[in-house]
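input36.tsv follows; it contains TSV, C-alpha atoms and all ligand atoms.
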chain	number	residue	atom	x	y	z
G	622	MET	CA	156.88	-44.03	193.13
G	623	SER	CA	158.07	-42.06	196.08
G	624	VAL	CA	161.07	-40.30	194.61
G	625	TYR	CA	160.24	-36.68	195.24
G	626	THR	CA	163.75	-35.36	194.74
G	627	VAL	CA	165.43	-36.63	191.60
G	628	VAL	CA	169.16	-37.18	191.90
G	629	GLU	CA	171.48	-37.33	188.88
G	630	GLN	CA	174.65	-39.40	188.69
G	631	SER	CA	176.81	-36.27	188.93
G	632	ASP	CA	175.00	-35.15	192.14
G	633	LEU	CA	175.72	-38.49	193.73
G	634	VAL	CA	179.34	-38.66	192.64
G	635	GLU	CA	179.91	-35.26	194.25
G	636	PHE	CA	177.92	-36.22	197.35
G	637	LEU	CA	179.90	-39.42	197.89
G	638	GLN	CA	183.22	-37.57	197.80
G	639	ASP	CA	182.58	-36.65	201.40
G	640	TYR	CA	182.43	-40.32	202.46
G	641	SER	CA	185.00	-43.06	202.61
G	642	VAL	CA	182.86	-45.55	200.69
G	643	GLY	CA	184.64	-45.88	197.35
G	644	GLU	CA	183.33	-44.98	193.88
G	645	LEU	CA	179.71	-44.90	192.81
G	646	ALA	CA	178.81	-48.11	190.93
G	647	ASP	CA	175.07	-47.68	190.42
G	648	PHE	CA	171.95	-46.36	192.07
G	649	GLN	CA	168.20	-46.80	191.82
G	650	GLY	CA	165.15	-44.99	193.23
G	651	ILE	CA	163.07	-46.96	195.76
G	652	SER	CA	159.37	-47.01	195.02
G	653	ALA	CA	158.16	-48.00	198.51
G	654	GLY	CA	157.86	-45.37	201.21
G	655	ILE	CA	155.74	-42.27	201.49
G	656	GLU	CA	157.57	-39.62	203.48
G	657	ASN	CA	161.08	-39.43	202.08
G	658	THR	CA	163.04	-39.94	198.89
G	659	ASN	CA	165.10	-43.13	199.07
G	660	TYR	CA	167.67	-44.57	196.70
G	661	PHE	CA	169.64	-47.80	196.78
G	662	VAL	CA	173.28	-46.82	196.20
G	663	ASN	CA	176.07	-49.28	195.41
G	664	THR	CA	179.73	-48.37	195.49
G	665	LEU	CA	182.94	-50.16	194.68
G	666	GLN	CA	185.67	-49.98	197.27
G	667	ASP	CA	188.89	-52.01	197.08
G	668	GLY	CA	187.25	-54.38	194.62
G	669	GLN	CA	184.25	-54.98	196.91
G	670	THR	CA	180.69	-53.83	196.29
G	671	ARG	CA	179.18	-51.92	199.19
G	672	GLN	CA	175.44	-51.34	199.49
G	673	PHE	CA	173.76	-48.32	201.01
G	674	VAL	CA	170.46	-46.50	201.17
G	675	LEU	CA	170.44	-42.76	200.55
G	676	THR	CA	167.57	-40.93	202.22
G	677	ILE	CA	166.70	-37.37	201.29
G	678	PHE	CA	164.46	-36.01	204.03
G	679	GLU	CA	161.48	-34.24	202.57
G	680	HIS	CA	159.88	-32.94	205.77
G	681	HIS	CA	162.44	-32.89	208.57
G	682	SER	CA	164.70	-29.95	209.28
G	683	PHE	CA	168.47	-30.25	209.70
G	684	ALA	CA	168.04	-29.54	213.40
G	685	GLU	CA	165.75	-32.44	214.22
G	686	LEU	CA	167.56	-35.18	212.31
G	687	PRO	CA	170.66	-35.83	214.46
G	688	TYR	CA	168.43	-37.33	217.19
G	689	PHE	CA	167.08	-39.98	214.80
G	690	LEU	CA	170.41	-40.75	213.15
G	691	ASN	CA	172.07	-41.04	216.57
G	692	ILE	CA	169.40	-43.52	217.70
G	693	MET	CA	169.89	-45.61	214.57
G	694	ALA	CA	173.63	-45.72	215.21
G	695	PHE	CA	173.15	-46.40	218.93
G	696	MET	CA	170.69	-49.26	218.37
G	697	ALA	CA	172.86	-50.82	215.65
G	698	GLU	CA	175.77	-50.71	218.10
G	699	HIS	CA	173.56	-52.45	220.71
G	700	GLU	CA	172.62	-55.45	218.59
G	701	ILE	CA	169.29	-54.12	217.39
G	702	PRO	CA	169.23	-54.48	213.59
G	703	THR	CA	168.84	-50.85	212.58
G	704	ALA	CA	170.67	-49.29	209.64
G	705	HIS	CA	173.84	-47.66	210.91
G	706	PRO	CA	174.30	-44.23	209.31
G	707	ILE	CA	177.63	-43.69	207.57
G	708	LYS	CA	179.89	-40.90	208.79
G	709	THR	CA	181.05	-38.20	206.44
G	710	LEU	CA	184.73	-37.32	206.32
G	711	SER	CA	183.92	-34.41	208.60
G	712	ASN	CA	182.46	-36.89	211.10
G	713	GLY	CA	178.73	-36.18	210.89
G	714	TYR	CA	175.83	-38.31	209.74
G	715	LEU	CA	173.97	-35.55	207.94
G	716	LYS	CA	174.75	-33.80	204.66
G	717	GLU	CA	172.96	-31.53	202.25
G	718	LEU	CA	171.80	-32.81	198.87
G	719	LYS	CA	169.60	-30.81	196.51
G	720	ALA	CA	169.17	-28.25	199.30
G	721	LYS	CA	167.64	-30.86	201.61
G	722	PRO	CA	169.04	-32.86	204.50
G	723	ALA	CA	170.29	-36.28	203.43
G	724	ALA	CA	171.96	-39.31	205.00
G	725	LEU	CA	173.67	-42.40	203.70
G	726	VAL	CA	172.87	-45.49	205.76
G	727	GLU	CA	173.85	-49.11	205.65
G	728	ARG	CA	171.57	-51.25	203.43
G	729	LEU	CA	170.04	-54.05	205.48
G	730	LYS	CA	169.25	-57.48	204.10
G	731	GLY	CA	165.81	-59.02	203.90
G	732	GLY	CA	162.46	-57.93	202.64
G	733	GLY	CA	159.21	-56.57	203.99
G	734	VAL	CA	156.46	-58.75	205.40
G	735	ASP	CA	152.93	-58.28	204.13
G	736	HIS	CA	151.37	-61.13	206.10
G	737	PRO	CA	153.45	-61.81	209.19
G	738	ASN	CA	153.36	-65.30	210.63
G	739	ASP	CA	153.16	-66.23	214.33
G	740	ILE	CA	156.93	-66.66	214.64
G	741	GLN	CA	157.61	-63.24	213.11
G	742	CYS	CA	155.16	-61.69	215.59
G	743	SER	CA	157.00	-63.38	218.41
G	744	VAL	CA	160.39	-62.21	217.07
G	745	MET	CA	159.07	-58.64	216.88
G	746	GLY	CA	157.80	-58.81	220.48
G	747	GLU	CA	161.22	-59.88	221.69
G	748	TYR	CA	163.09	-57.28	219.65
G	749	LEU	CA	160.82	-54.44	220.69
G	750	ALA	CA	161.56	-55.26	224.33
G	751	ARG	CA	165.27	-55.38	223.53
G	752	PHE	CA	164.96	-52.04	221.74
G	753	HIS	CA	163.31	-50.56	224.86
G	754	GLN	CA	165.96	-52.02	227.16
G	755	ALA	CA	168.86	-50.85	224.98
G	756	GLY	CA	167.39	-47.34	224.83
G	757	GLN	CA	167.72	-46.95	228.61
G	758	ASP	CA	171.34	-46.00	227.99
G	759	PHE	CA	170.58	-43.51	225.21
G	760	SER	CA	171.00	-40.04	226.61
G	761	ASP	CA	169.16	-37.75	224.13
G	762	PHE	CA	165.54	-36.91	224.80
G	763	ARG	CA	162.77	-36.17	222.35
G	764	PRO	CA	159.18	-35.63	223.44
G	765	ASN	CA	156.41	-37.50	221.64
G	766	ASP	CA	155.04	-35.12	219.03
G	767	ARG	CA	152.16	-37.53	218.32
G	768	GLY	CA	150.94	-37.68	221.93
G	769	LEU	CA	147.57	-36.72	223.36
G	770	ASP	CA	148.08	-32.96	222.84
G	771	TRP	CA	148.76	-33.59	219.16
G	772	MET	CA	145.67	-35.80	218.97
G	773	VAL	CA	143.47	-33.07	220.42
G	774	SER	CA	144.83	-30.36	218.13
G	775	THR	CA	144.69	-32.63	215.08
G	776	TYR	CA	141.08	-33.47	215.85
G	777	GLN	CA	140.27	-29.76	216.07
G	778	LEU	CA	141.83	-29.23	212.63
G	779	ILE	CA	139.95	-32.03	210.89
G	780	GLN	CA	136.69	-32.14	212.85
G	781	GLN	CA	134.91	-30.13	210.13
G	782	TYR	CA	135.52	-32.89	207.57
G	783	LEU	CA	134.29	-35.78	209.71
G	784	PRO	CA	130.87	-37.39	209.83
G	785	SER	CA	129.08	-37.22	213.17
G	786	ASP	CA	129.73	-40.86	214.14
G	787	GLU	CA	133.49	-40.29	213.77
G	788	GLN	CA	133.34	-37.05	215.73
G	789	ALA	CA	131.46	-38.77	218.54
G	790	MET	CA	133.85	-41.71	218.72
G	791	ILE	CA	136.98	-39.54	218.66
G	792	GLU	CA	135.63	-37.12	221.27
G	793	ALA	CA	134.66	-39.98	223.58
G	794	GLU	CA	138.04	-41.59	223.13
G	795	LEU	CA	139.98	-38.37	223.73
G	796	ALA	CA	138.02	-37.86	226.96
G	797	TYR	CA	138.75	-41.44	228.04
G	798	GLN	CA	142.47	-41.16	227.25
G	799	ALA	CA	142.79	-37.86	229.12
G	800	GLN	CA	142.02	-39.76	232.35
G	801	ILE	CA	144.77	-42.33	231.91
G	802	ASP	CA	147.95	-41.69	233.83
G	803	TRP	CA	150.39	-42.34	231.00
G	804	ALA	CA	153.21	-40.38	232.63
G	805	HIS	CA	153.67	-42.94	235.41
G	806	LEU	CA	154.07	-45.99	233.21
G	807	PRO	CA	157.61	-47.18	232.43
G	808	SER	CA	158.95	-45.13	229.55
G	809	GLY	CA	162.03	-44.53	227.47
G	810	VAL	CA	163.01	-44.51	223.81
G	811	ILE	CA	160.24	-45.96	221.64
G	812	HIS	CA	160.10	-46.53	217.87
G	813	ALA	CA	156.48	-45.28	217.73
G	814	ASP	CA	155.75	-46.52	214.18
G	815	LEU	CA	156.87	-50.14	214.05
G	816	PHE	CA	154.40	-51.34	211.45
G	817	CYS	CA	155.05	-54.40	209.24
G	818	ASP	CA	156.40	-52.13	206.49
G	819	ASN	CA	159.07	-50.85	208.85
G	820	ALA	CA	160.71	-54.22	209.43
G	821	LEU	CA	162.78	-56.40	207.11
G	822	PHE	CA	162.91	-60.18	207.51
G	823	SER	CA	165.02	-62.95	206.00
G	824	GLY	CA	162.76	-65.95	206.57
G	825	ASN	CA	161.83	-65.74	210.23
G	826	GLN	CA	164.93	-63.77	211.14
G	827	LEU	CA	164.56	-60.06	211.73
G	828	SER	CA	167.20	-58.31	209.64
G	829	GLY	CA	166.07	-54.71	209.91
G	830	ILE	CA	164.04	-52.17	211.81
G	831	ILE	CA	163.77	-49.05	209.67
G	832	ASP	CA	162.11	-45.67	209.65
G	833	LEU	CA	162.91	-44.47	213.14
G	834	TYR	CA	161.71	-40.96	212.33
G	835	TYR	CA	158.95	-40.92	214.93
G	836	ALA	CA	161.20	-42.27	217.69
G	837	CYS	CA	160.77	-40.38	220.95
G	838	ASN	CA	160.50	-40.82	224.69
G	839	ALA	CA	157.13	-42.25	225.72
G	840	ALA	CA	155.48	-45.19	227.47
G	841	PHE	CA	156.87	-48.55	226.32
G	842	LEU	CA	153.43	-50.12	226.48
G	843	TYR	CA	152.14	-47.75	223.81
G	844	ASP	CA	154.89	-48.92	221.43
G	845	LEU	CA	153.87	-52.55	221.95
G	846	ALA	CA	150.24	-51.60	221.26
G	847	VAL	CA	151.23	-49.83	218.00
G	848	MET	CA	152.89	-53.05	216.90
G	849	VAL	CA	150.05	-55.38	217.94
G	850	ASN	CA	147.52	-53.18	216.10
G	851	ASP	CA	149.37	-53.68	212.82
G	852	TRP	CA	151.16	-57.06	213.01
G	853	CYS	CA	148.33	-59.05	214.62
G	854	ARG	CA	145.50	-57.53	212.61
G	855	ILE	CA	143.83	-59.66	209.96
G	856	ASN	CA	142.40	-57.74	207.01
G	857	GLU	CA	140.16	-59.88	204.85
G	858	GLY	CA	137.85	-58.14	202.44
G	859	ASP	CA	135.94	-55.18	203.84
G	860	VAL	CA	137.12	-53.20	206.85
G	861	GLU	CA	134.12	-54.55	208.77
G	862	ASN	CA	135.84	-57.95	208.65
G	863	ILE	CA	139.01	-56.74	210.33
G	864	HIS	CA	139.80	-58.76	213.41
G	865	PHE	CA	142.74	-59.71	215.59
G	866	ASP	CA	144.49	-63.05	215.51
G	867	ALA	CA	144.55	-64.10	219.17
G	868	THR	CA	147.55	-66.38	218.65
G	869	LYS	CA	149.63	-63.63	217.08
G	870	VAL	CA	148.73	-61.21	219.89
G	871	GLU	CA	149.61	-63.83	222.47
G	872	GLN	CA	152.91	-64.69	220.75
G	873	MET	CA	153.96	-61.06	220.42
G	874	VAL	CA	153.03	-60.00	223.95
G	875	HIS	CA	154.42	-63.18	225.50
G	876	ALA	CA	157.77	-62.72	223.72
G	877	TYR	CA	157.88	-59.10	224.85
G	878	ARG	CA	157.12	-60.08	228.47
G	879	GLN	CA	159.78	-62.79	228.43
G	880	GLN	CA	162.37	-60.15	227.59
G	881	ARG	CA	160.90	-57.29	229.61
G	882	PRO	CA	158.14	-58.24	232.10
G	883	LEU	CA	155.22	-55.83	232.24
G	884	SER	CA	154.43	-54.15	235.55
G	885	GLU	CA	151.03	-54.48	237.21
G	886	GLU	CA	150.20	-50.93	236.08
G	887	GLU	CA	151.14	-51.79	232.51
G	888	GLU	CA	148.96	-54.92	232.52
G	889	GLN	CA	146.05	-52.78	233.68
G	890	ALA	CA	146.69	-50.08	231.09
G	891	TRP	CA	146.94	-52.54	228.17
G	892	PRO	CA	143.39	-52.07	226.82
G	893	ALA	CA	143.86	-48.29	227.00
G	894	ALA	CA	147.20	-48.55	225.19
G	895	LEU	CA	145.62	-50.48	222.32
G	896	ARG	CA	142.97	-47.77	222.05
G	897	LEU	CA	145.49	-44.92	222.19
G	898	ALA	CA	147.60	-46.51	219.47
G	899	ALA	CA	144.51	-46.99	217.29
G	900	LEU	CA	143.40	-43.40	217.84
G	901	ARG	CA	146.83	-42.00	216.92
G	902	PHE	CA	146.88	-43.67	213.50
G	903	PHE	CA	143.17	-43.10	212.88
G	904	LEU	CA	143.82	-39.37	213.36
G	905	SER	CA	147.02	-39.21	211.30
G	906	ARG	CA	145.40	-41.07	208.43
G	907	LEU	CA	142.33	-38.82	208.60
G	908	LYS	CA	144.56	-35.77	208.53
G	909	ASP	CA	146.54	-37.10	205.54
G	910	LYS	CA	143.25	-37.75	203.76
G	911	HIS	CA	141.47	-34.48	204.47
G	912	MET	CA	144.45	-32.14	204.63
G	913	PRO	CA	147.14	-33.68	202.38
G	914	ARG	CA	150.49	-31.96	202.49
G	915	GLU	CA	151.26	-29.92	199.40
G	916	GLY	CA	153.50	-31.65	196.89
G	917	GLU	CA	153.11	-35.03	198.53
G	918	MET	CA	152.58	-38.02	196.27
G	919	THR	CA	149.74	-39.51	198.09
G	920	GLN	CA	149.53	-43.18	198.69
G	921	ILE	CA	146.93	-42.38	201.36
G	922	LYS	CA	146.57	-45.15	203.90
G	923	ASP	CA	142.97	-45.98	204.70
G	924	PRO	CA	141.76	-44.29	207.92
G	925	ASN	CA	138.82	-46.70	208.10
G	926	VAL	CA	141.19	-49.50	209.05
G	927	PHE	CA	142.03	-47.70	212.27
G	928	LYS	CA	138.47	-46.55	212.77
G	929	GLN	CA	137.56	-50.23	212.85
G	930	VAL	CA	140.53	-51.12	215.08
G	931	LEU	CA	139.51	-48.40	217.53
G	932	ARG	CA	135.92	-49.62	217.42
G	933	ILE	CA	137.02	-53.19	218.17
G	934	HIS	CA	139.14	-52.12	221.14
G	935	ARG	CA	136.45	-49.80	222.51
G	936	GLN	CA	133.97	-52.67	222.45
G	937	ALA	CA	136.34	-55.12	224.14
I	1	LIG	N1	168.41	-49.36	205.47
I	1	LIG	C1	167.66	-50.01	204.59
I	1	LIG	N2	168.06	-51.20	204.09
I	1	LIG	C2	167.33	-51.85	203.16
I	1	LIG	N3	166.19	-51.38	202.64
I	1	LIG	C3	165.75	-50.19	203.09
I	1	LIG	C4	166.45	-49.44	204.08
I	1	LIG	N4	165.78	-48.29	204.31
I	1	LIG	C5	164.71	-48.32	203.49
I	1	LIG	N5	164.70	-49.46	202.76
I	1	LIG	C6	163.71	-49.83	201.73
I	1	LIG	O1	163.10	-48.65	201.26
I	1	LIG	C7	161.69	-48.70	201.43
I	1	LIG	C8	161.19	-47.30	201.79
I	1	LIG	O2	161.76	-46.89	203.03
I	1	LIG	P1	160.90	-46.23	204.17
I	1	LIG	O3	159.75	-47.11	204.54
I	1	LIG	O4	161.85	-45.84	205.24
I	1	LIG	O5	160.31	-44.98	203.40
I	1	LIG	P2	159.92	-43.58	203.95
I	1	LIG	O6	159.24	-42.85	202.87
I	1	LIG	O7	161.17	-42.95	204.49
I	1	LIG	O8	158.97	-43.91	205.17
I	1	LIG	P3	157.41	-44.24	205.30
I	1	LIG	O9	156.87	-44.66	204.00
I	1	LIG	O10	157.30	-45.37	206.29
I	1	LIG	O11	156.83	-43.00	205.81
I	1	LIG	C9	161.45	-49.74	202.49
I	1	LIG	O12	160.21	-50.38	202.31
I	1	LIG	C10	162.60	-50.70	202.28
I	1	LIG	O13	162.27	-51.64	201.28
I	2	LIG	N1	152.67	-46.29	209.72
I	2	LIG	C1	151.81	-45.17	209.39
I	2	LIG	C2	152.37	-44.32	208.28
I	2	LIG	C3	153.75	-43.75	208.50
I	2	LIG	O1	153.90	-43.15	209.71
I	2	LIG	C4	150.43	-45.68	208.95
I	2	LIG	O2	150.34	-46.83	208.50
I	2	LIG	O3	149.48	-44.92	209.04
Encoded form (structure tokens):
Amino acid sequence: MSVYTVVEQSDLVEFLQDYSVGELADFQGISAGIENTNYFVNTLQDGQTRQFVLTIFEHHSFAELPYFLNIMAFMAEHEIPTAHPIKTLSNGYLKELKAKPAALVERLKGGGVDHPNDIQCSVMGEYLARFHQAGQDFSDFRPNDRGLDWMVSTYQLIQQYLPSDEQAMIEAELAYQAQIDWAHLPSGVIHADLFCDNALFSGNQLSGIIDLYYACNAAFLYDLAVMVNDWCRINEGDVENIHFDATKVEQMVHAYRQQRPLSEEEEQAWPAALRLAALRFFLSRLKDKHMPREGEMTQIKDPNVFKQVLRIHRQA
């Protein structure tokens, strides 16, 4: 259960006084999620129930959060189904709760998808392109703090824990990626972590894109590769059996291209993008495994999944 910061009824009643959302009706901790503490919060306003999600940020500072909350608001206002943050009476999106930054956001409908179907992959391809297009008008800038520099320094930190085959693969991949001219590919605001557990669906309709806390400015193609590596991957049994569903990949990329055609340079860089996206999550999962953050309730995600994904793409 990922409720790191326990909130009592009285804390919440006081917290909600700074919002125009009515009276607290009930609230419940959310078990899913790894990074932050999340609660479902229901209020009663003018006889109507209103539903929200309260997030208490466990790792971000007050200074870095406005960027993410502004993107959520911006995307929601541009027909991308993100959770619009709720303004406080003093007109901000961020407040303090239990000495940590916290935000109240709209609760989106729908549920997570464990095994996405072809249509859902296609819907995600289209919406990612729309997300990228909408972001062209978003004025804030945030560099990618999980880019190649981060990958190199993370590898240096964890190298000592890795078997020689992993060291060799990561070193070869870092050297390969260093030659790719990522800076000249079309770029803008990307989600950077749009895995299946960061989308909510009602049937085949996308009702929510959540967890925008890695959003940044980077190559669009990389964002599409992050998504393909998770949504189009078939995990059956052992990691050695991981493979990609060609139809899902085709559906997702086709839907993306229909909305935002890829340039010649992007088409050429596609295999490299798949590899970069695999390397990024291989490294972050290795770091979480070998150097877990203190106090974190660890639902460690298996690094071997992305080791295998990287291996598949390197062999392609
Ligand atoms: N705005 C929202 N509307 C509806 N449900 C939400 C919303 N935000 C979060 N949830 C629910 O809460 C769960 C946990 O949220 P989330 O995945 O953002 O957790 P996290 O710990 O912040 O991030 P992560 O685990 O990806 O690092 C989600 O799986 C989803 O079911
Ligand atoms: N989506 C990431 C975790 C959160 O960033 C992973 O599956 O490794």
Output the neighbourhood of ligand LIG 1 (chain I) as a CSV table (one decimal) with C-alpha atoms, in the frame of the given file, that is, all protein and nucleic acid residues with some atom at most 9 Å from the ligand, counting all atoms listed in the file.
chain,number,residue,atom,x,y,z
G,623,SER,CA,158.1,-42.1,196.1
G,624,VAL,CA,161.1,-40.3,194.6
G,651,ILE,CA,163.1,-47.0,195.8
G,652,SER,CA,159.4,-47.0,195.0
G,653,ALA,CA,158.2,-48.0,198.5
G,654,GLY,CA,157.9,-45.4,201.2
G,655,ILE,CA,155.7,-42.3,201.5
G,656,GLU,CA,157.6,-39.6,203.5
G,657,ASN,CA,161.1,-39.4,202.1
G,658,THR,CA,163.0,-39.9,198.9
G,659,ASN,CA,165.1,-43.1,199.1
G,660,TYR,CA,167.7,-44.6,196.7
G,661,PHE,CA,169.6,-47.8,196.8
G,672,GLN,CA,175.4,-51.3,199.5
G,673,PHE,CA,173.8,-48.3,201.0
G,674,VAL,CA,170.5,-46.5,201.2
G,675,LEU,CA,170.4,-42.8,200.6
G,676,THR,CA,167.6,-40.9,202.2
G,677,ILE,CA,166.7,-37.4,201.3
G,678,PHE,CA,164.5,-36.0,204.0
G,679,GLU,CA,161.5,-34.2,202.6
G,703,THR,CA,168.8,-50.8,212.6
G,704,ALA,CA,170.7,-49.3,209.6
G,705,HIS,CA,173.8,-47.7,210.9
G,706,PRO,CA,174.3,-44.2,209.3
G,725,LEU,CA,173.7,-42.4,203.7
G,726,VAL,CA,172.9,-45.5,205.8
G,727,GLU,CA,173.8,-49.1,205.6
G,728,ARG,CA,171.6,-51.2,203.4
G,729,LEU,CA,170.0,-54.0,205.5
G,730,LYS,CA,169.2,-57.5,204.1
G,731,GLY,CA,165.8,-59.0,203.9
G,732,GLY,CA,162.5,-57.9,202.6
G,733,GLY,CA,159.2,-56.6,204.0
G,814,ASP,CA,155.8,-46.5,214.2
G,816,PHE,CA,154.4,-51.3,211.4
G,818,ASP,CA,156.4,-52.1,206.5
G,819,ASN,CA,159.1,-50.8,208.8
G,820,ALA,CA,160.7,-54.2,209.4
G,821,LEU,CA,162.8,-56.4,207.1
G,829,GLY,CA,166.1,-54.7,209.9
G,830,ILE,CA,164.0,-52.2,211.8
G,831,ILE,CA,163.8,-49.0,209.7
G,832,ASP,CA,162.1,-45.7,209.6
G,833,LEU,CA,162.9,-44.5,213.1
G,834,TYR,CA,161.7,-41.0,212.3
When you look at range 896-913 of chain G with a cut-off of 9 Å (counting only C-alpha atoms), what residues show up, excluding the ones that are within fewer than 2 positions of it in the same chain? I need them as a ChimeraX atom specification. /G:767-769,771-772,775-776,778-779,782-783,791,794-795,798,843-844,846-848,850,891-894,915-917,919,921-935
May I have the selected residues written with C-alpha atoms, as a short mmCIF file (atom, residue, chain, number, x, y, z; two decimals), in the coordinates of the input?
data_model
loop_
_atom_site.label_atom_id
_atom_site.label_comp_id
_atom_site.auth_asym_id
_atom_site.auth_seq_id
_atom_site.Cartn_x
_atom_site.Cartn_y
_atom_site.Cartn_z
CA ARG G 767 152.16 -37.53 218.32
CA GLY G 768 150.94 -37.68 221.93
CA LEU G 769 147.57 -36.72 223.36
CA TRP G 771 148.76 -33.59 219.16
CA MET G 772 145.67 -35.80 218.97
CA THR G 775 144.69 -32.63 215.08
CA TYR G 776 141.08 -33.47 215.85
CA LEU G 778 141.83 -29.23 212.63
CA ILE G 779 139.95 -32.03 210.89
CA TYR G 782 135.52 -32.89 207.57
CA LEU G 783 134.29 -35.78 209.71
CA ILE G 791 136.98 -39.54 218.66
CA GLU G 794 138.04 -41.59 223.13
CA LEU G 795 139.98 -38.37 223.73
CA GLN G 798 142.47 -41.16 227.25
CA TYR G 843 152.14 -47.75 223.81
CA ASP G 844 154.89 -48.92 221.43
CA ALA G 846 150.24 -51.60 221.26
CA VAL G 847 151.23 -49.83 218.00
CA MET G 848 152.89 -53.05 216.90
CA ASN G 850 147.52 -53.18 216.10
CA TRP G 891 146.94 -52.54 228.17
CA PRO G 892 143.39 -52.07 226.82
CA ALA G 893 143.86 -48.29 227.00
CA ALA G 894 147.20 -48.55 225.19
CA GLU G 915 151.26 -29.92 199.40
CA GLY G 916 153.50 -31.65 196.89
CA GLU G 917 153.11 -35.03 198.53
CA THR G 919 149.74 -39.51 198.09
CA ILE G 921 146.93 -42.38 201.36
CA LYS G 922 146.57 -45.15 203.90
CA ASP G 923 142.97 -45.98 204.70
CA PRO G 924 141.76 -44.29 207.92
CA ASN G 925 138.82 -46.70 208.10
CA VAL G 926 141.19 -49.50 209.05
CA PHE G 927 142.03 -47.70 212.27
CA LYS G 928 138.47 -46.55 212.77
CA GLN G 929 137.56 -50.23 212.85
CA VAL G 930 140.53 -51.12 215.08
CA LEU G 931 139.51 -48.40 217.53
CA ARG G 932 135.92 -49.62 217.42
CA ILE G 933 137.02 -53.19 218.17
CA HIS G 934 139.14 -52.12 221.14
CA ARG G 935 136.45 -49.80 222.51
#
Selection: 9 Å around Leu845 in chain G, only C-alpha atoms, excl. self and same-chain fewer than 4 positions, as a ChimeraX atom specification: /G:746,749-750,813,815,841,849-850,873-874,877,894-895
Take the selection from the previous step and output its residues with C-alpha atoms, as an mmCIF file, in the frame of the given file.
data_model
loop_
_atom_site.group_PDB
_atom_site.id
_atom_site.type_symbol
_atom_site.label_atom_id
_atom_site.label_comp_id
_atom_site.auth_asym_id
_atom_site.auth_seq_id
_atom_site.Cartn_x
_atom_site.Cartn_y
_atom_site.Cartn_z
ATOM 1 C CA GLY G 746 157.800 -58.810 220.480
ATOM 2 C CA LEU G 749 160.820 -54.440 220.690
ATOM 3 C CA ALA G 750 161.560 -55.260 224.330
ATOM 4 C CA ALA G 813 156.480 -45.280 217.730
ATOM 5 C CA LEU G 815 156.870 -50.140 214.050
ATOM 6 C CA PHE G 841 156.870 -48.550 226.320
ATOM 7 C CA VAL G 849 150.050 -55.380 217.940
ATOM 8 C CA ASN G 850 147.520 -53.180 216.100
ATOM 9 C CA MET G 873 153.960 -61.060 220.420
ATOM 10 C CA VAL G 874 153.030 -60.000 223.950
ATOM 11 C CA TYR G 877 157.880 -59.100 224.850
ATOM 12 C CA ALA G 894 147.200 -48.550 225.190
ATOM 13 C CA LEU G 895 145.620 -50.480 222.320
#
If you take every atom of ligand LIG 2 (chain I) that the file lists and fit an axis-aligned box around them with 6 Å extra on each side, what centre and edge lengths come out in Å to one decimal, as AutoDock Vina command-line options?
--center_x 151.7 --center_y -45.0 --center_z 209.0 --size_x 16.4 --size_y 15.7 --size_z 13.4
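Here CA of Gln879 in chain G is placed at a distance of 10.9 Å from CA of Tyr748 in chain G.
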Point out the residue among G:Cys817, G:Ala755, G:Tyr714, G:Glu885 with the least atom-to-atom distance to ligand LIG 2 (chain I), counting only C-alpha atoms and all ligand atoms.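 For ligand LIG 2 (chain I), the nearest of the candidates is G:Cys817.
Proximity of G:Asn838, G:Gln889, G:Gln669, G:Ser828 to Gly756 in chain G, computed with all atoms listed in the file, is greatest for G:Asn838.
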What does the distance between CA of Gln872 in chain G and CA of Asn765 in chain G come to in Å, to one decimal place?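 A separation of 27.4 Å between them.
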Using only C-alpha atoms, determine which residues lie at most 10 Å from Asp739 in chain G, disregarding the query and same-chain residues fewer than 6 positions distant; provide the list as a PyMOL selection string. chain G and resi 745+825+852-853+866+868-873
Can you work out the spacing between atom N1 of ligand LIG 2 (chain I) and CA of Arg854 in chain G in Å, to one decimal?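 Distance between the two atoms: 13.6 Å.
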Between G:Leu718, G:Ile692, G:Val810, G:Leu883, single out the one closest to Cys837 in chain G, counting only C-alpha atoms.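 Looking at the shortest contact to Cys837 in chain G, the residue is G:Val810.
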Could you tell me which of G:Gln880, G:Glu887, G:Val627, G:Ala723 comes closest to Ile707 in chain G if we count all atoms listed in the file? G:Ala723
So, with all atoms listed in the file as the atoms that count, which of G:Ala697, G:Val642, G:Val634, G:Ala836 lies closest to ligand LIG 2 (chain I)? G:Ala836
Which residue out of G:Ile863, G:Ala839, G:Ala799, G:Val662 has the minimum interatomic distance to Ala724 in chain G when only C-alpha atoms are used?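 The closest residue to Ala724 in chain G is G:Val662.
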